[in-house]
$ cat entry-v3.txt   # compact mmCIF, C-alpha atoms
# COMPACT_ATOMS: atom_id res chain seq x y z
CA MET C 28 138.38 105.38 51.31
CA SER C 29 134.79 104.20 50.84
CA LYS C 30 132.97 106.66 48.57
CA PHE C 31 129.41 106.83 47.35
CA SER C 32 128.10 108.84 44.37
CA VAL C 33 124.61 109.89 43.36
CA SER C 34 123.84 111.37 39.93
CA ILE C 35 120.87 113.64 39.34
CA LYS C 36 120.92 114.58 35.66
CA ARG C 37 124.12 116.58 35.32
CA LEU C 38 124.61 116.93 39.10
CA VAL C 39 126.91 114.36 40.67
CA VAL C 40 127.12 114.18 44.47
CA SER C 41 130.02 112.23 45.97
CA PHE C 42 130.72 111.68 49.64
CA ASP C 43 132.75 109.46 51.95
CA THR C 44 130.42 107.06 53.73
CA ARG C 45 132.68 106.83 56.79
CA ALA C 46 132.77 110.62 57.13
CA VAL C 47 128.99 110.77 56.82
CA ALA C 48 128.59 108.02 59.45
CA ALA C 49 130.95 109.87 61.80
CA GLY C 50 129.02 113.10 61.21
CA ILE C 51 125.71 111.43 62.04
CA VAL C 52 127.14 109.96 65.24
CA LEU C 53 128.54 113.34 66.26
CA PHE C 54 125.25 115.09 65.45
CA VAL C 55 123.25 112.63 67.55
CA LEU C 56 125.74 112.95 70.42
CA LEU C 57 125.59 116.75 70.45
CA VAL C 58 121.79 116.77 70.30
CA ASN C 59 121.63 114.28 73.20
CA LEU C 60 123.96 116.47 75.24
CA GLY C 61 121.67 119.43 74.59
CA VAL C 62 118.61 117.45 75.63
CA TRP C 63 120.41 116.27 78.77
CA GLN C 64 121.19 119.86 79.72
CA LEU C 65 117.53 120.78 79.23
CA GLY C 66 116.60 117.96 81.58
CA ARG C 67 119.06 119.24 84.16
CA ALA C 68 117.58 122.73 83.84
CA HIS C 69 114.05 121.40 84.48
CA GLU C 70 115.38 119.41 87.43
CA LYS C 71 117.01 122.49 89.00
CA SER C 72 113.85 124.54 88.42
CA ALA C 73 111.83 121.87 90.24
CA LEU C 74 114.26 121.94 93.19
CA GLN C 75 113.99 125.71 93.44
CA ALA C 76 110.20 125.55 93.29
CA ARG C 77 110.12 122.89 96.00
CA TRP C 78 112.37 124.92 98.29
CA LEU C 79 110.21 128.01 97.79
CA ALA C 80 107.03 126.08 98.54
CA GLN C 81 108.51 124.53 101.70
CA SER C 82 109.87 127.87 102.90
CA ARG C 83 106.30 129.17 103.11
CA LEU C 84 105.28 126.45 105.58
CA PRO C 85 105.60 126.97 109.34
CA PRO C 86 108.40 125.13 111.16
CA VAL C 87 107.65 121.80 112.80
CA ALA C 88 109.41 119.53 115.28
CA PRO C 89 111.19 116.45 113.87
CA ALA C 90 109.08 114.16 116.04
CA THR C 91 105.95 115.55 114.37
CA LEU C 92 107.18 114.43 110.95
CA THR C 93 108.17 110.88 111.83
CA ALA C 94 104.60 109.64 111.55
CA ASN C 95 104.37 110.79 107.93
CA LEU C 96 107.90 111.13 106.59
CA GLU C 97 107.73 110.85 102.82
CA SER C 98 110.92 112.13 101.20
CA GLU C 99 109.19 114.35 98.64
CA LEU C 100 106.97 115.97 101.26
CA SER C 101 109.71 116.43 103.87
CA ALA C 102 112.58 117.71 101.69
CA ASP C 103 113.60 121.29 102.55
CA ARG C 104 111.03 121.50 105.37
CA LEU C 105 112.09 123.77 108.22
CA VAL C 106 112.34 121.97 111.56
CA THR C 107 112.97 123.46 114.99
CA TRP C 108 113.41 121.86 118.39
CA THR C 109 115.21 122.05 121.70
CA GLY C 110 117.60 119.22 122.51
CA GLU C 111 121.07 118.16 123.55
CA PHE C 112 124.04 117.08 121.45
CA ILE C 113 125.31 113.58 122.20
CA PRO C 114 128.90 114.17 123.39
CA GLY C 115 131.64 112.75 121.14
CA LYS C 116 129.16 111.26 118.66
CA TYR C 117 129.58 112.64 115.16
CA ILE C 118 130.38 111.62 111.59
CA LEU C 119 132.75 113.42 109.24
CA LEU C 120 131.55 113.46 105.64
CA ASP C 121 134.76 113.36 103.61
CA ASN C 122 135.74 115.22 100.42
CA ARG C 123 133.66 118.34 101.03
CA LEU C 124 135.04 121.51 99.47
CA HIS C 125 134.70 125.07 100.74
CA ARG C 126 136.13 127.83 98.55
CA GLY C 127 138.34 125.24 96.89
CA GLN C 128 139.76 123.94 100.18
CA PRO C 129 139.20 120.26 101.11
CA GLY C 130 137.60 119.31 104.37
CA TYR C 131 134.64 117.61 106.03
CA HIS C 132 131.02 118.23 106.90
CA VAL C 133 130.36 117.55 110.59
CA LEU C 134 127.24 115.46 111.17
CA ALA C 135 126.39 115.57 114.87
CA PHE C 136 123.56 113.77 116.65
CA VAL C 137 121.04 115.79 118.64
CA ARG C 138 118.23 114.50 120.81
CA ALA C 139 114.74 115.61 119.80
CA GLY C 140 112.34 114.00 122.25
CA THR C 141 112.39 110.25 121.73
CA ILE C 142 114.39 110.39 118.49
CA THR C 143 117.91 111.45 117.52
CA VAL C 144 118.40 113.85 114.62
CA PRO C 145 121.54 113.77 112.41
CA LEU C 146 122.42 117.48 112.24
CA ASN C 147 124.92 118.76 109.68
CA LEU C 148 126.75 121.65 111.34
CA GLY C 149 128.71 122.63 108.25
CA TRP C 150 132.31 122.49 107.07
CA VAL C 151 135.66 122.14 108.85
CA PRO C 152 139.11 122.09 107.15
CA LEU C 153 140.99 118.87 106.47
CA GLY C 154 143.82 119.34 108.93
CA ARG C 155 147.36 118.01 108.73
CA SER C 156 146.55 114.42 107.80
CA ARG C 157 143.62 112.34 106.53
CA ASP C 158 144.65 109.59 108.93
CA VAL C 159 143.68 111.72 111.93
CA ILE C 160 140.01 112.41 112.65
CA PRO C 161 139.62 116.08 113.65
CA SER C 162 138.31 116.75 117.12
CA VAL C 163 135.05 118.72 117.05
CA ALA C 164 133.79 120.62 120.09
CA LEU C 165 130.03 120.14 120.29
CA PRO C 166 127.70 122.46 122.25
CA LYS C 167 126.86 121.35 125.78
CA GLY C 168 123.53 121.41 127.54
CA GLU C 169 120.12 122.07 126.09
CA VAL C 170 120.15 124.27 122.98
CA SER C 171 117.66 125.52 120.39
CA ILE C 172 118.13 124.12 116.88
CA ALA C 173 116.73 125.21 113.51
CA GLY C 174 117.49 123.64 110.16
CA ARG C 175 116.08 122.20 106.95
CA ILE C 176 115.64 118.56 106.02
CA TYR C 177 118.04 117.54 103.28
CA VAL C 178 116.99 114.76 100.89
CA PRO C 179 119.59 113.93 98.18
CA ASN C 180 118.41 114.06 94.59
CA GLY C 181 119.03 110.40 93.75
CA LYS C 182 121.16 107.78 95.47
CA PRO C 183 124.96 108.15 95.44
CA PHE C 184 126.95 105.76 93.25
CA MET C 185 130.03 104.16 94.80
CA MET C 186 132.47 101.67 93.30
CA LYS C 187 132.39 99.45 96.39
CA GLU C 188 129.90 98.73 99.14
CA GLN C 189 129.98 101.25 101.96
CA THR C 190 129.69 99.70 105.42
CA PRO C 191 128.34 101.63 108.41
CA PRO C 192 130.86 102.86 111.00
CA LYS C 193 131.55 100.60 113.95
CA THR C 194 132.28 103.43 116.37
CA LEU C 195 131.78 107.19 116.60
CA PRO C 196 133.32 109.56 115.73
CA ALA C 197 133.94 108.18 112.25
CA LYS C 198 134.83 109.33 108.75
CA VAL C 199 132.75 108.26 105.72
CA GLN C 200 132.26 109.29 102.08
CA THR C 201 128.48 109.52 102.16
CA LEU C 202 125.46 108.30 104.13
CA TYR C 203 123.25 105.28 103.44
CA TRP C 204 120.23 105.65 105.67
CA ASP C 205 118.43 102.51 104.48
CA ASN C 206 121.31 100.24 105.48
CA TRP C 207 122.84 102.23 108.33
CA ASN C 208 119.80 103.21 110.37
CA ALA C 209 119.96 100.21 112.70
CA THR C 210 123.70 100.58 113.30
CA LEU C 211 123.50 104.31 113.99
CA SER C 212 120.58 103.73 116.36
CA LEU C 213 122.78 101.37 118.39
CA LEU C 214 125.71 103.79 118.38
CA THR C 215 123.54 106.69 119.59
CA ASP C 216 121.25 104.70 121.91
CA GLY C 217 117.99 105.67 120.25
CA PRO C 218 115.93 105.66 117.06
CA ILE C 219 117.39 107.81 114.29
CA PHE C 220 115.50 110.42 112.30
CA PRO C 221 115.85 109.05 108.74
CA HIS C 222 117.02 112.28 107.08
CA GLU C 223 119.91 114.65 107.49
CA VAL C 224 119.02 118.11 108.78
CA ARG C 225 121.22 120.99 107.66
CA ILE C 226 121.57 123.63 110.32
CA ASP C 227 120.42 127.20 109.79
CA PRO C 228 123.55 129.16 108.71
CA GLN C 229 122.56 131.94 111.14
CA SER C 230 122.59 129.57 114.12
CA PRO C 231 125.26 130.26 116.76
CA HIS C 232 126.12 126.54 116.61
CA ALA C 233 126.77 126.50 112.84
CA LEU C 234 130.25 126.07 111.43
CA GLU C 235 130.92 127.11 107.81
CA ALA C 236 127.36 126.35 106.72
CA ASN C 237 126.58 127.27 103.13
CA TRP C 238 123.64 125.38 101.64
CA PRO C 239 122.86 126.50 98.07
CA VAL C 240 119.51 125.26 96.78
CA VAL C 241 121.19 124.22 93.49
CA ASN C 242 124.86 124.16 92.53
CA GLN C 243 124.10 125.71 89.13
CA SER C 244 121.15 127.84 88.07
CA PRO C 245 118.68 126.59 85.45
CA ALA C 246 119.75 129.51 83.23
CA LYS C 247 123.28 128.09 83.00
CA HIS C 248 121.96 124.71 81.91
CA TYR C 249 119.79 126.38 79.27
CA GLY C 250 122.90 128.20 78.06
CA TYR C 251 124.88 124.94 77.86
CA ALA C 252 122.00 123.30 75.97
CA LEU C 253 121.97 126.15 73.44
CA GLN C 254 125.71 125.70 72.91
CA TRP C 255 125.34 121.99 72.18
CA PHE C 256 122.47 122.60 69.75
CA ILE C 257 124.46 125.28 67.94
CA MET C 258 127.41 122.89 67.62
CA ALA C 259 125.07 120.20 66.30
CA GLY C 260 123.71 122.66 63.74
$ encode --input "entry-v3.txt" --output "structure tokens"
Amino acid sequence: MSKFSVSIKRLVVSFDTRAVAAGIVLFVLLVNLGVWQLGRAHEKSALQARWLAQSRLPPVAPATLTANLESELSADRLVTWTGEFIPGKYILLDNRLHRGQPGYHVLAFVRAGTITVPLNLGWVPLGRSRDVIPSVALPKGEVSIAGRIYVPNGKPFMMKEQTPPKTLPAKVQTLYWDNWNATLSLLTDGPIFPHEVRIDPQSPHALEANWPVVNQSPAKHYGYALQWFIMAG
């Protein structure tokens, strides 16, 4: 073992340099984990504040927002309109859990004037096999829709490039609006609203629609940060 000694008059301090190095690395790691949790807490607080601010604004039609559709300004904004679902045209977002049960989110396409809005209706169970795309009965005729614009917090990371579906209905892991907009416009015969809208859970057309503002409260992240700092101490 590599040891190091320091003498101060009659006091002799000896320690293992490798143990000290390991302790420093562990200390820095634990402190960084605590700081990361603080960052997550601030991030969740900002999301809650944004949702609260947007909830105070009056609802608007999707077509009204297309002229000035900045992500930060549009996220969580309440939109309402009257339109028709495009029959048989929907996307299943895979690997979505509801009360621990695997399934899909159903992303339908609804006309809103001259544009088509991707509307997330909520969750459906997996079914007997992943190889079979579940059949979803969409509302017929003209209906009233209310929902909030959903803007993901950061871009999803995937191991391989995700290509847009060639036909609808289709099953995908996530959505890539920047690269898929042109393809989806062709598949739905019209320009696509560039954000997902999550349907109002109280809507008669909603499935299992549960849209928490954050998956964990800021208080939990503060608690985790305190734990890491205590361990570092």
$ residues_around --input "entry-v3.txt" --residues "stretch 69-84 of chain C" --least-positions-apart "2" --cutoff "7 Å" --atoms "all atoms listed in the file" --output "PyMOL selection string"
chain C and resi 65-67+86+103-104+240-241+244-245
$ atom_distance --input "entry-v3.txt" --atom1 "atom CA of C:Asn206" --atom2 "atom CA of C:Ala102"
19.9 Å
$ closest_residue --input "entry-v3.txt" --among "C:Thr190, C:Gly149, C:Val137, C:Gln254" --to "C:Gln229" --atoms "all atoms listed in the file"
C:Gly149
$ atom_distance --input "entry-v3.txt" --atom1 "atom CA of C:Pro192" --atom2 "atom CA of C:Asn242"
28.8 Å
$ atom_distance --input "entry-v3.txt" --atom1 "atom CA of C:Tyr251" --atom2 "atom CA of C:Leu124"
24.1 Å
$ residues_around --input "entry-v3.txt" --residues "stretch 57-60 of chain C" --least-positions-apart "4" --cutoff "10 Å" --atoms "all atoms listed in the file" --output "number ranges by chain"
C: 51-53, 64-66, 251-260
$ closest_residue --input "entry-v3.txt" --among "C:Pro231, C:Thr44, C:Pro129, C:Thr107" --to "C:Arg155" --atoms "only C-alpha atoms"
C:Pro129
$ residues_near_point --input "entry-v3.txt" --point "(115.4, 107.0, 119.2)" --cutoff "8 Å" --atoms "all atoms listed in the file" --output "list in words"
Thr141, Ile142, Thr143, Ser212, Asp216, Gly217, Pro218, Ile219 and Phe220 of chain C
$ residues_near_point --input "entry-v3.txt" --point "(126.7, 110.5, 120.7)" --cutoff "6 Å" --atoms "only C-alpha atoms" --output "list in words"
Ile113, Pro114, Gly115, Lys116 and Thr215 of chain C
$ residues_around --input "entry-v3.txt" --residues "stretch 197-199 of chain C" --least-positions-apart "2" --cutoff "10 Å" --atoms "all atoms listed in the file" --output "ChimeraX atom specification"
/C:116-122,131-134,157-161,189-195,201-202
